[in-house]
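Asks: Contents of structure-v2.csv (CSV, C-alpha atoms and all ligand atoms) are given next:
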```
chain,number,residue,atom,x,y,z
A,94,MET,CA,-9.9,-43.2,6.2
A,95,LYS,CA,-10.6,-42.0,2.6
A,96,VAL,CA,-11.9,-38.5,2.1
A,97,LEU,CA,-13.6,-37.3,-1.1
A,98,VAL,CA,-13.2,-33.5,-1.5
A,99,SER,CA,-16.0,-32.9,-4.0
A,100,LEU,CA,-15.1,-29.4,-5.2
A,101,ASN,CA,-11.9,-27.4,-5.7
A,102,PHE,CA,-11.9,-26.2,-2.1
A,103,PRO,CA,-9.1,-23.8,-0.8
A,104,PRO,CA,-5.9,-25.7,0.0
A,105,LEU,CA,-5.7,-24.8,3.7
A,106,GLY,CA,-8.1,-27.5,4.8
A,107,ILE,CA,-6.9,-30.1,2.3
A,108,GLU,CA,-3.3,-29.7,3.6
A,109,MET,CA,-4.6,-30.1,7.2
A,110,LEU,CA,-6.3,-33.4,6.1
A,111,LYS,CA,-3.1,-34.7,4.4
A,112,GLN,CA,-1.0,-33.7,7.4
A,113,GLU,CA,-3.3,-35.8,9.6
A,114,GLY,CA,-2.5,-38.8,7.4
A,115,LEU,CA,-5.9,-39.1,5.8
A,116,ASP,CA,-6.1,-40.4,2.2
A,117,VAL,CA,-7.6,-37.4,0.3
A,118,THR,CA,-9.0,-37.4,-3.3
A,119,VAL,CA,-9.7,-33.9,-4.6
A,120,TRP,CA,-12.0,-33.0,-7.5
A,121,LYS,CA,-9.8,-30.4,-9.1
A,122,ASN,CA,-12.3,-29.0,-11.4
A,123,ASP,CA,-14.3,-25.8,-10.9
A,124,ILE,CA,-17.3,-27.4,-12.5
A,125,PRO,CA,-19.0,-29.6,-10.0
A,126,MET,CA,-19.4,-33.3,-10.4
A,127,THR,CA,-22.6,-34.6,-12.0
A,128,ARG,CA,-24.9,-36.4,-9.6
A,129,GLU,CA,-23.9,-39.8,-11.1
A,130,GLU,CA,-20.2,-38.9,-10.8
A,131,LEU,CA,-20.7,-37.9,-7.1
A,132,ILE,CA,-22.7,-41.1,-6.3
A,133,GLN,CA,-20.0,-43.3,-7.9
A,134,ALA,CA,-17.0,-41.4,-6.4
A,135,THR,CA,-18.6,-41.4,-3.0
A,136,LYS,CA,-18.9,-45.2,-3.0
A,137,GLU,CA,-15.1,-45.4,-2.8
A,138,HIS,CA,-14.7,-43.1,0.1
A,139,ASP,CA,-15.5,-43.1,3.8
A,140,ILE,CA,-16.0,-39.3,4.3
A,141,LEU,CA,-17.6,-36.8,1.9
A,142,LEU,CA,-16.5,-33.2,2.0
A,143,SER,CA,-19.6,-31.7,0.5
A,144,SER,CA,-21.1,-28.4,-0.6
A,145,SER,CA,-24.6,-26.9,-0.8
A,146,ILE,CA,-24.6,-27.2,-4.6
A,147,TYR,CA,-25.0,-31.0,-4.3
A,148,THR,CA,-28.3,-32.5,-3.4
A,149,LEU,CA,-27.7,-35.3,-0.8
A,150,ASP,CA,-31.3,-36.6,-0.7
A,151,ALA,CA,-32.6,-39.9,0.6
A,152,ASP,CA,-31.8,-41.6,-2.7
A,153,PHE,CA,-28.2,-40.4,-2.6
A,154,LEU,CA,-27.8,-41.4,1.0
A,155,GLU,CA,-29.3,-44.8,0.4
A,156,LYS,CA,-26.8,-45.4,-2.3
A,157,ASN,CA,-24.0,-44.3,0.0
A,158,LYS,CA,-25.1,-45.6,3.4
A,159,HIS,CA,-21.5,-46.7,4.1
A,160,LEU,CA,-20.5,-43.1,4.6
A,161,LYS,CA,-19.0,-42.4,8.0
A,162,LEU,CA,-19.3,-38.6,7.9
A,163,ILE,CA,-20.6,-35.8,5.7
A,164,SER,CA,-18.6,-32.6,6.3
A,165,GLN,CA,-20.4,-29.7,4.6
A,166,PHE,CA,-18.5,-26.7,3.3
A,167,ALA,CA,-21.3,-24.2,4.3
A,168,VAL,CA,-23.3,-23.2,7.3
A,169,GLY,CA,-26.6,-24.0,5.5
A,170,TYR,CA,-27.4,-27.7,5.1
A,171,ASN,CA,-30.8,-27.7,3.5
A,172,ASN,CA,-29.4,-29.7,0.6
A,173,ILE,CA,-28.9,-32.7,2.9
A,174,ASP,CA,-31.8,-34.9,4.1
A,175,ILE,CA,-30.7,-34.8,7.8
A,176,GLU,CA,-33.6,-37.1,8.8
A,177,LYS,CA,-32.4,-39.8,6.4
A,178,ALA,CA,-28.7,-39.3,7.3
A,179,THR,CA,-29.7,-39.7,11.0
A,180,GLU,CA,-31.7,-42.8,10.3
A,181,LEU,CA,-28.6,-44.2,8.5
A,182,GLY,CA,-26.3,-43.2,11.3
A,183,ILE,CA,-24.3,-40.7,9.2
A,184,PRO,CA,-23.2,-37.6,11.1
A,185,VAL,CA,-23.3,-34.3,9.3
A,186,THR,CA,-21.2,-31.2,10.2
A,187,ASN,CA,-21.2,-27.6,8.9
A,188,THR,CA,-19.0,-24.5,9.1
A,189,PRO,CA,-20.8,-21.9,11.2
A,190,ASN,CA,-19.4,-18.3,11.8
A,191,ALA,CA,-16.8,-18.6,9.0
A,192,MET,CA,-18.9,-16.4,6.6
A,193,THR,CA,-21.0,-14.4,9.0
A,194,ASP,CA,-19.3,-11.0,8.3
A,195,ALA,CA,-18.9,-11.7,4.6
A,196,THR,CA,-22.6,-12.5,4.2
A,197,ALA,CA,-23.8,-9.6,6.3
A,198,ASP,CA,-21.7,-7.4,4.1
A,199,ILE,CA,-23.5,-8.7,1.0
A,200,ALA,CA,-26.9,-8.1,2.6
A,201,PHE,CA,-25.8,-4.6,3.4
A,202,ALA,CA,-24.4,-3.9,0.0
A,203,LEU,CA,-27.5,-5.2,-1.7
A,204,MET,CA,-29.7,-3.0,0.5
A,205,LEU,CA,-27.7,0.1,-0.4
A,206,ALA,CA,-27.5,-0.9,-4.1
A,207,VAL,CA,-31.3,-1.3,-4.3
A,208,SER,CA,-32.0,1.9,-2.4
A,209,ARG,CA,-30.0,3.9,-5.0
A,210,LYS,CA,-30.7,1.7,-8.1
A,211,MET,CA,-27.0,1.2,-8.5
A,212,PHE,CA,-27.0,-2.0,-10.5
A,213,HIS,CA,-29.6,-0.5,-12.9
A,214,MET,CA,-27.5,2.7,-13.3
A,215,HIS,CA,-24.4,0.6,-14.0
A,216,LYS,CA,-26.3,-1.3,-16.8
A,217,THR,CA,-27.5,2.0,-18.2
A,218,ILE,CA,-24.0,3.4,-18.5
A,219,ILE,CA,-22.7,0.2,-20.1
A,220,SER,CA,-25.5,0.4,-22.7
A,221,GLY,CA,-24.1,3.8,-23.7
A,222,ASP,CA,-26.7,5.9,-22.0
A,223,TRP,CA,-24.9,8.1,-19.5
A,224,GLY,CA,-27.8,10.5,-19.6
A,225,HIS,CA,-27.5,14.0,-18.0
A,226,PHE,CA,-28.5,15.4,-14.7
A,227,ARG,CA,-32.3,15.1,-14.6
A,228,PRO,CA,-33.7,16.5,-11.4
A,229,GLN,CA,-36.6,14.0,-11.2
A,230,ALA,CA,-35.0,10.9,-12.6
A,231,ASN,CA,-33.2,7.9,-11.0
A,232,LEU,CA,-34.4,8.8,-7.5
A,233,GLY,CA,-33.6,6.4,-4.8
A,234,MET,CA,-34.4,6.5,-1.1
A,235,GLU,CA,-32.3,7.2,2.0
A,236,LEU,CA,-31.9,4.7,4.8
A,237,LYS,CA,-30.9,6.9,7.7
A,238,GLY,CA,-33.3,6.4,10.6
A,239,LYS,CA,-35.5,3.9,8.7
A,240,THR,CA,-36.7,0.6,10.2
A,241,VAL,CA,-34.9,-2.6,9.4
A,242,GLY,CA,-36.8,-5.8,10.0
A,243,ILE,CA,-34.7,-9.0,10.5
A,244,PHE,CA,-36.3,-12.4,9.8
A,245,GLY,CA,-33.9,-14.8,11.6
A,246,MET,CA,-31.9,-13.0,14.2
A,247,GLY,CA,-29.1,-15.5,14.3
A,248,ARG,CA,-25.4,-15.0,13.5
A,249,ILE,CA,-25.8,-13.3,10.1
A,250,GLY,CA,-29.0,-11.5,10.9
A,251,SER,CA,-27.4,-10.0,14.0
A,252,GLU,CA,-24.2,-8.9,12.1
A,253,PHE,CA,-26.3,-7.3,9.4
A,254,ALA,CA,-28.4,-5.5,12.1
A,255,ARG,CA,-25.2,-4.2,13.6
A,256,ARG,CA,-24.2,-2.6,10.3
A,257,CYS,CA,-27.7,-1.0,9.8
A,258,LEU,CA,-27.5,0.5,13.3
A,259,GLY,CA,-23.9,1.6,13.1
A,260,ALA,CA,-24.1,3.1,9.6
A,261,TYR,CA,-27.6,4.6,9.5
A,262,ASN,CA,-28.9,4.5,13.0
A,263,MET,CA,-31.8,2.3,11.7
A,264,LYS,CA,-34.4,1.1,14.2
A,265,VAL,CA,-34.0,-2.7,14.5
A,266,ILE,CA,-37.0,-5.0,14.8
A,267,TYR,CA,-36.9,-8.7,14.4
A,268,HIS,CA,-38.8,-11.9,14.3
A,269,ASN,CA,-37.1,-15.2,15.3
A,270,ARG,CA,-37.9,-18.6,16.6
A,271,ARG,CA,-37.2,-17.3,20.1
A,272,PRO,CA,-36.2,-13.8,21.4
A,273,ASN,CA,-32.6,-12.9,21.1
A,274,THR,CA,-32.1,-10.9,24.3
A,275,GLU,CA,-28.4,-10.3,23.6
A,276,MET,CA,-29.3,-8.3,20.5
A,277,GLU,CA,-32.2,-6.6,22.2
A,278,LYS,CA,-29.7,-5.2,24.7
A,279,GLU,CA,-26.9,-4.4,22.3
A,280,LEU,CA,-29.0,-3.0,19.4
A,281,ASN,CA,-32.0,-1.9,21.3
A,282,ALA,CA,-33.8,-4.3,18.9
A,283,SER,CA,-37.5,-5.2,19.5
A,284,TYR,CA,-38.9,-8.6,19.0
A,285,VAL,CA,-42.1,-8.4,17.0
A,286,SER,CA,-44.7,-10.8,15.5
A,287,PHE,CA,-44.2,-11.9,11.9
A,288,GLU,CA,-47.3,-9.7,10.9
A,289,GLU,CA,-45.8,-6.7,12.6
A,290,LEU,CA,-42.4,-7.3,11.0
A,291,LEU,CA,-44.1,-7.1,7.6
A,292,LYS,CA,-46.1,-4.0,8.5
A,293,GLU,CA,-43.3,-2.0,10.1
A,294,SER,CA,-40.2,-2.8,8.0
A,295,ASP,CA,-38.8,-0.3,5.5
A,296,VAL,CA,-36.2,-2.9,4.7
A,297,LEU,CA,-36.9,-6.6,5.4
A,298,SER,CA,-33.9,-8.8,5.4
A,299,VAL,CA,-34.2,-12.6,5.4
A,300,HIS,CA,-31.6,-14.6,7.4
A,301,ALA,CA,-33.4,-17.8,8.5
A,302,GLY,CA,-32.3,-21.2,7.0
A,303,LEU,CA,-34.5,-23.0,4.5
A,304,SER,CA,-36.7,-25.6,6.2
A,305,ASN,CA,-40.2,-27.0,5.8
A,306,GLU,CA,-41.4,-24.0,7.9
A,307,THR,CA,-39.7,-21.3,5.9
A,308,LYS,CA,-40.0,-22.7,2.3
A,309,GLY,CA,-42.0,-20.3,0.1
A,310,LEU,CA,-42.9,-18.2,3.2
A,311,PHE,CA,-42.5,-14.9,1.4
A,312,ASN,CA,-45.4,-15.2,-1.0
A,313,ALA,CA,-48.0,-12.9,-2.5
A,314,ASP,CA,-50.0,-12.7,0.7
A,315,VAL,CA,-46.9,-11.8,2.7
A,316,PHE,CA,-45.7,-9.2,0.2
A,317,SER,CA,-49.2,-7.6,0.2
A,318,LYS,CA,-48.8,-6.9,3.9
A,319,MET,CA,-45.5,-5.0,3.5
A,320,LYS,CA,-45.1,-1.3,2.9
A,321,SER,CA,-45.3,-0.3,-0.8
A,322,SER,CA,-42.0,1.6,-0.1
A,323,ALA,CA,-40.3,-1.5,1.4
A,324,ILE,CA,-37.1,-3.2,0.2
A,325,PHE,CA,-36.9,-7.0,0.4
A,326,ILE,CA,-33.5,-8.5,0.9
A,327,ASN,CA,-32.7,-12.3,0.8
A,328,THR,CA,-29.2,-13.6,1.3
A,329,ALA,CA,-30.4,-16.8,3.0
A,330,ARG,CA,-31.8,-19.3,0.4
A,331,GLY,CA,-33.9,-18.6,-2.7
A,332,GLY,CA,-36.4,-21.1,-1.6
A,333,LEU,CA,-37.7,-18.8,1.1
A,334,HIS,CA,-39.3,-16.5,-1.4
A,335,HIS,CA,-41.9,-17.5,-4.0
A,336,GLU,CA,-40.3,-16.1,-7.1
A,337,LYS,CA,-43.4,-15.5,-9.2
A,338,SER,CA,-45.0,-13.6,-6.3
A,339,LEU,CA,-41.9,-11.5,-5.9
A,340,ILE,CA,-41.8,-10.6,-9.6
A,341,GLU,CA,-45.5,-9.6,-9.5
A,342,ALA,CA,-45.1,-7.7,-6.2
A,343,LEU,CA,-42.3,-5.6,-7.9
A,344,GLN,CA,-44.1,-5.2,-11.2
A,345,ASN,CA,-47.3,-4.1,-9.4
A,346,LYS,CA,-45.4,-1.8,-7.0
A,347,VAL,CA,-46.7,-3.8,-4.0
A,348,ILE,CA,-43.2,-3.4,-2.7
A,349,TRP,CA,-40.5,-1.0,-3.8
A,350,GLY,CA,-37.4,-3.1,-4.5
A,351,ALA,CA,-35.5,-6.3,-3.9
A,352,GLY,CA,-31.9,-7.4,-3.4
A,353,LEU,CA,-31.1,-11.1,-3.8
A,354,ASP,CA,-27.9,-13.1,-3.3
A,355,VAL,CA,-29.9,-16.3,-3.6
A,356,THR,CA,-32.5,-17.3,-6.1
A,357,ASN,CA,-34.5,-20.4,-7.0
A,358,PRO,CA,-33.2,-21.9,-9.1
A,359,GLU,CA,-29.5,-21.1,-9.1
A,360,PRO,CA,-28.3,-20.1,-11.7
A,361,MET,CA,-31.2,-18.0,-12.7
A,362,ASN,CA,-32.6,-18.1,-16.2
A,363,LYS,CA,-31.1,-15.1,-18.1
A,364,ASP,CA,-34.6,-14.2,-19.3
A,365,ASN,CA,-35.9,-13.8,-15.7
A,366,PRO,CA,-37.7,-10.4,-15.5
A,367,LEU,CA,-36.0,-9.7,-12.1
A,368,LEU,CA,-32.8,-9.1,-14.0
A,369,ASN,CA,-34.2,-6.1,-15.9
A,370,MET,CA,-35.9,-4.3,-13.1
A,371,GLU,CA,-34.7,-0.9,-12.0
A,372,ASN,CA,-35.1,-1.5,-8.2
A,373,VAL,CA,-33.5,-4.9,-8.1
A,374,ALA,CA,-30.0,-5.9,-7.4
A,375,ILE,CA,-28.9,-9.5,-7.8
A,376,THR,CA,-25.6,-11.3,-7.0
A,377,PRO,CA,-24.9,-14.9,-7.7
A,378,HIS,CA,-24.7,-16.5,-4.2
A,379,ILE,CA,-21.4,-14.8,-3.2
A,380,GLY,CA,-22.3,-14.3,0.4
A,381,SER,CA,-19.2,-16.2,1.6
A,382,ALA,CA,-17.0,-15.4,-1.3
A,383,THR,CA,-14.1,-13.6,0.4
A,384,VAL,CA,-10.6,-14.9,0.9
A,385,GLU,CA,-11.0,-14.8,4.7
A,386,SER,CA,-14.3,-16.5,4.7
A,387,ARG,CA,-13.4,-19.3,2.3
A,388,ASN,CA,-10.1,-20.0,4.1
A,389,GLU,CA,-11.9,-20.3,7.4
A,390,MET,CA,-14.6,-22.5,5.9
A,391,SER,CA,-11.8,-24.7,4.5
A,392,ARG,CA,-10.1,-24.9,8.0
A,393,LEU,CA,-13.4,-25.7,9.7
A,394,VAL,CA,-14.5,-28.4,7.2
A,395,ALA,CA,-11.1,-30.1,7.7
A,396,LEU,CA,-11.3,-29.7,11.5
A,397,ASN,CA,-14.7,-31.4,11.6
A,398,ILE,CA,-13.2,-34.4,9.7
A,399,ILE,CA,-10.1,-34.5,11.9
A,400,GLN,CA,-12.2,-34.4,15.1
A,401,PHE,CA,-14.2,-37.3,13.7
A,402,SER,CA,-11.1,-39.4,12.7
A,403,ARG,CA,-9.6,-38.9,16.1
A,404,GLY,CA,-12.9,-39.9,17.8
A,405,GLU,CA,-13.3,-36.5,19.4
A,406,PRO,CA,-16.7,-34.8,19.9
A,407,LEU,CA,-17.9,-33.0,16.8
A,408,THR,CA,-18.1,-29.3,17.6
A,409,ASN,CA,-20.3,-28.5,14.5
A,410,LEU,CA,-22.6,-31.6,14.4
A,411,VAL,CA,-26.0,-30.7,12.9
A,412,SER,CA,-27.5,-34.1,13.1
A,413,PRO,CA,-27.5,-34.6,16.9
A,414,GLY,CA,-29.6,-37.7,16.6
A,415,VAL,CA,-26.6,-39.7,15.3
B,501,LIG,N1,-25.7,-16.1,0.7
B,501,LIG,C1,-24.8,-16.9,1.2
B,501,LIG,O1,-23.7,-17.1,0.6
B,501,LIG,C2,-25.0,-17.5,2.5
B,501,LIG,C3,-26.2,-17.8,3.0
B,501,LIG,N2,-26.4,-18.4,4.2
B,501,LIG,C4,-27.7,-18.7,4.7
B,501,LIG,O2,-28.0,-17.9,5.9
B,501,LIG,C5,-28.6,-18.8,6.8
B,501,LIG,C6,-28.4,-18.3,8.2
B,501,LIG,O3,-27.1,-18.5,8.7
B,501,LIG,P1,-26.7,-18.2,10.2
B,501,LIG,O4,-27.0,-16.8,10.5
B,501,LIG,O5,-25.3,-18.6,10.4
B,501,LIG,O6,-27.6,-19.2,10.9
B,501,LIG,P2,-28.2,-19.1,12.4
B,501,LIG,O7,-28.7,-20.4,12.7
B,501,LIG,O8,-27.2,-18.4,13.3
B,501,LIG,O9,-29.5,-18.1,12.2
B,501,LIG,C7,-30.7,-18.4,11.7
B,501,LIG,C8,-31.8,-17.8,12.6
B,501,LIG,O10,-33.0,-18.0,12.0
B,501,LIG,C9,-34.0,-18.3,13.0
B,501,LIG,N3,-35.1,-19.1,12.3
B,501,LIG,C10,-35.0,-20.3,11.7
B,501,LIG,N4,-36.2,-20.7,11.3
B,501,LIG,C11,-37.1,-19.7,11.7
B,501,LIG,C12,-38.5,-19.6,11.5
B,501,LIG,N5,-39.2,-20.5,10.9
B,501,LIG,N6,-39.0,-18.5,12.1
B,501,LIG,C13,-38.3,-17.5,12.7
B,501,LIG,N7,-37.0,-17.6,12.8
B,501,LIG,C14,-36.4,-18.7,12.3
B,501,LIG,C15,-33.2,-19.2,13.9
B,501,LIG,O11,-33.8,-19.2,15.2
B,501,LIG,C16,-31.9,-18.4,14.0
B,501,LIG,O12,-31.8,-17.4,15.0
B,501,LIG,C17,-28.1,-20.2,6.5
B,501,LIG,O13,-29.0,-21.2,6.9
B,501,LIG,C18,-27.9,-20.2,5.0
B,501,LIG,O14,-29.1,-20.6,4.4
B,501,LIG,C19,-25.3,-18.6,5.0
B,501,LIG,C20,-24.0,-18.2,4.6
B,501,LIG,C21,-23.8,-17.7,3.3
B,502,LIG,O1,-22.6,-21.3,4.0
B,502,LIG,C1,-23.7,-21.3,3.3
B,502,LIG,O2,-24.7,-21.7,3.7
B,502,LIG,C2,-23.6,-20.7,1.9
B,502,LIG,O3,-24.6,-20.5,1.3
B,502,LIG,C3,-22.4,-20.5,1.2
B,502,LIG,O4,-21.3,-20.3,2.0
```
In structure tokens, write the structure found in this file.

Replies:
Amino acid sequence: MKVLVSLNFPPLGIEMLKQEGLDVTVWKNDIPMTREELIQATKEHDILLSSSIYTLDADFLEKNKHLKLISQFAVGYNNIDIEKATELGIPVTNTPNAMTDATADIAFALMLAVSRKMFHMHKTIISGDWGHFRPQANLGMELKGKTVGIFGMGRIGSEFARRCLGAYNMKVIYHNRRPNTEMEKELNASYVSFEELLKESDVLSVHAGLSNETKGLFNADVFSKMKSSAIFINTARGGLHHEKSLIEALQNKVIWGAGLDVTNPEPMNKDNPLLNMENVAITPHIGSATVESRNEMSRLVALNIIQFSRGEPLTNLVSPGV
């Protein structure tokens, strides 16, 4: 079987595929393929090792309906039209757990950075303004004992909540599709309605995947129901928050601050007002960017392909209809 490795992925998984005797083509460029390049290259392969930066919509899938498997190098797969893939009989797999710790760390780092205006202070120093000790300037807020609200208490949400409890003894509340009784026991977390989550959270951190249900969910109406002292953190997908509403909520002090590892679009336009706000910290989608996480993603993405080529059940199948 011929496998197209569509980005310069860590070698561990690529070696696994070669050892399995699979015919592997690697795109050895750090700049992704254009859509047309990807469509054309995929035509000559049976399996696509894909990434969330590529849009595998109905049009792409129709043009490549011969595909036997899409093995996605990510836990999120909102870039793939799963319904269409299922209709065409193409199984899709992902890489859960590999980046849980790394992404929870970024959410935690962003929370801390926003609460103490760290990115802004760094920019101020670089601009040559060290300033001096001003008793009433640059004041942040402390997190100890505050309430953290988790939207999406899955793998990453739970790991982030563990950090909040362990480091700051924060009270954990959450909203999820269904109650997570394990986390309720471990973290003394309380399941609350979405409205209550908005009302009670000092920090609200988003960890649900992007779907029709969650797209644009965090809009002006939602921000208006949050505390004016609240910090909004999104490390899930930029599409979950409505960017213009977030900008206005921050400008009008409807909420206090925001930390984002994901934006919509990515990359952001460099004139985006969010980049110049004091109480905002932004990282360029680096949730899974650690050596440990990327190696494990590489191992898993290869394992999914190997399971498929051996005819074994797919542990990480996300299109169960196939
Ligand atoms: N910034 C980054 O680099 C990374 C971002 N991510 C994002 O994080 C997301 C979560 O990853 P995991 O924790 O591994 O997934 P998960 O599936 O373990 O957790 C997601 C949770 O959100 C809940 N959820 C989904 N839709 C909901 C809704 N409409 N209302 C309430 N709850 C809802 C689910 O029930 C689940 O408990 C991924 O889908 C991906 O978009 C993941 C890895 C790295
Ligand atoms: O895994 C994901 O969903 C990411 O966003 C990047 O690792």

Asks: Rank nothing, just name the residue among A:Thr188, A:Ser321, A:Asn157, A:Thr307 nearest to ligand LIG 502 (chain B), using all atoms listed in the file.

Replies: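 Once distances to ligand LIG 502 (chain B) are computed over all atoms listed in the file, the minimum belongs to A:Thr188.
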
Asks: Residues at most 6 Å from region 106-113 of chain A, counting only C-alpha atoms, excluding those fewer than 4 positions away in the same chain, as a PDB file with C-alpha atoms, keeping the file's coordinate frame?

Replies:
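Resulting contents of out-v2.pdb:
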```
ATOM      1  CA  SER A 391     -11.800 -24.700   4.500  1.00  0.00           C
ATOM      2  CA  ARG A 392     -10.100 -24.900   8.000  1.00  0.00           C
ATOM      3  CA  ALA A 395     -11.100 -30.100   7.700  1.00  0.00           C
TER       4      ALA A 395
END
```

Asks: Which residue gives the smallest distance to ligand LIG 501 (chain B) among A:Ala195, A:Ala260, A:Val96, A:Ala202, with all atoms listed in the file counted?

Replies: A:Ala195

Asks: Report the distance between atom N3 of ligand LIG 501 (chain B) and CA of Leu353 (chain A) in Å, rounded to one decimal place.

Replies: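 Answer for the atom N3 of ligand LIG 501 (chain B) to CA of Leu353 (chain A) separation: 18.4 Å.
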
Asks: Rounded to one decimal, what separation in Å do you get between atom C2 of ligand LIG 501 (chain B) and CA of Ile219 (chain A)?

Replies: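 It comes out at 28.8 Å.
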
Asks: Please provide the set of residues having any atom within 10 Å of Ser145 (chain A), restricted to all atoms listed in the file, with same-chain residues fewer than 3 positions apart removed, written as a list of chain:residue names.

Replies: A:Thr148, A:Leu149, A:Gln165, A:Phe166, A:Ala167, A:Val168, A:Gly169, A:Tyr170, A:Asn171, A:Asn172, A:Ile173

Asks: Would you list the contacts of Glu293 (chain A) as a count of residues only, taking every protein, DNA or RNA residue within 8 Å and counting all atoms listed in the file, but skipping same-chain residues closer than 3 positions in sequence?

Replies: 6

Asks: For Asn357 (chain A), please output as an MDAnalysis selection string all residues within 9 Å (counting only C-alpha atoms; exclusion window: fewer than 3 positions along the same chain).

Replies: chainID A and resid 330:336 360:361

Asks: Emit the selected residues as a compact mmCIF listing (two decimals), in the coordinates of the input, including C-alpha atoms.

Replies:
```txt
# COMPACT_ATOMS: atom_id res chain seq x y z
CA ARG A 330 -31.80 -19.30 0.40
CA GLY A 331 -33.90 -18.60 -2.70
CA GLY A 332 -36.40 -21.10 -1.60
CA LEU A 333 -37.70 -18.80 1.10
CA HIS A 334 -39.30 -16.50 -1.40
CA HIS A 335 -41.90 -17.50 -4.00
CA GLU A 336 -40.30 -16.10 -7.10
CA PRO A 360 -28.30 -20.10 -11.70
CA MET A 361 -31.20 -18.00 -12.70
```

Asks: Would you compute the distance between atom C11 of ligand LIG 501 (chain B) and CA of Met192 (chain A)? Give it in Å to one decimal.

Replies: 19.2 Å

Asks: Since the input lacks atoms, please generate N, CA and C atoms for region 272-288 of chain A and provide them as an mmCIF file, keeping the file's coordinate frame.

Replies:
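Output saved as out-v6.cif:
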```cif
data_model
loop_
_atom_site.group_PDB
_atom_site.id
_atom_site.type_symbol
_atom_site.label_atom_id
_atom_site.label_comp_id
_atom_site.auth_asym_id
_atom_site.auth_seq_id
_atom_site.Cartn_x
_atom_site.Cartn_y
_atom_site.Cartn_z
ATOM 1 N N PRO A 272 -36.878 -15.122 21.238
ATOM 2 C CA PRO A 272 -36.200 -13.800 21.400
ATOM 3 C C PRO A 272 -34.735 -13.909 21.558
ATOM 4 N N ASN A 273 -34.035 -12.942 21.002
ATOM 5 C CA ASN A 273 -32.600 -12.900 21.100
ATOM 6 C C ASN A 273 -32.267 -11.690 22.035
ATOM 7 N N THR A 274 -32.226 -11.993 23.328
ATOM 8 C CA THR A 274 -32.100 -10.900 24.300
ATOM 9 C C THR A 274 -30.796 -10.180 24.237
ATOM 10 N N GLU A 275 -29.768 -10.896 23.795
ATOM 11 C CA GLU A 275 -28.400 -10.300 23.600
ATOM 12 C C GLU A 275 -28.535 -9.095 22.637
ATOM 13 N N MET A 276 -29.187 -9.365 21.504
ATOM 14 C CA MET A 276 -29.300 -8.300 20.500
ATOM 15 C C MET A 276 -30.271 -7.226 20.910
ATOM 16 N N GLU A 277 -31.249 -7.604 21.722
ATOM 17 C CA GLU A 277 -32.200 -6.600 22.200
ATOM 18 C C GLU A 277 -31.402 -5.571 23.058
ATOM 19 N N LYS A 278 -30.462 -6.108 23.876
ATOM 20 C CA LYS A 278 -29.700 -5.200 24.700
ATOM 21 C C LYS A 278 -28.685 -4.419 23.871
ATOM 22 N N GLU A 279 -27.954 -5.115 23.013
ATOM 23 C CA GLU A 279 -26.900 -4.400 22.300
ATOM 24 C C GLU A 279 -27.412 -3.443 21.228
ATOM 25 N N LEU A 280 -28.490 -3.803 20.544
ATOM 26 C CA LEU A 280 -29.000 -3.000 19.400
ATOM 27 C C LEU A 280 -30.277 -2.262 19.718
ATOM 28 N N ASN A 281 -30.736 -2.426 20.942
ATOM 29 C CA ASN A 281 -32.000 -1.900 21.300
ATOM 30 C C ASN A 281 -33.100 -2.428 20.312
ATOM 31 N N ALA A 282 -32.886 -3.686 19.898
ATOM 32 C CA ALA A 282 -33.800 -4.300 18.900
ATOM 33 C C ALA A 282 -35.078 -4.774 19.622
ATOM 34 N N SER A 283 -36.190 -4.726 18.892
ATOM 35 C CA SER A 283 -37.500 -5.200 19.500
ATOM 36 C C SER A 283 -37.942 -6.444 18.780
ATOM 37 N N TYR A 284 -38.335 -7.419 19.585
ATOM 38 C CA TYR A 284 -38.900 -8.600 19.000
ATOM 39 C C TYR A 284 -40.386 -8.328 18.647
ATOM 40 N N VAL A 285 -40.763 -8.662 17.418
ATOM 41 C CA VAL A 285 -42.100 -8.400 17.000
ATOM 42 C C VAL A 285 -42.736 -9.661 16.346
ATOM 43 N N SER A 286 -44.037 -9.677 16.201
ATOM 44 C CA SER A 286 -44.700 -10.800 15.500
ATOM 45 C C SER A 286 -44.319 -10.744 14.039
ATOM 46 N N PHE A 287 -44.541 -11.843 13.334
ATOM 47 C CA PHE A 287 -44.200 -11.900 11.900
ATOM 48 C C PHE A 287 -45.079 -10.795 11.178
ATOM 49 N N GLU A 288 -46.353 -10.694 11.572
ATOM 50 C CA GLU A 288 -47.300 -9.700 10.900
ATOM 51 C C GLU A 288 -46.738 -8.293 11.124
#
```
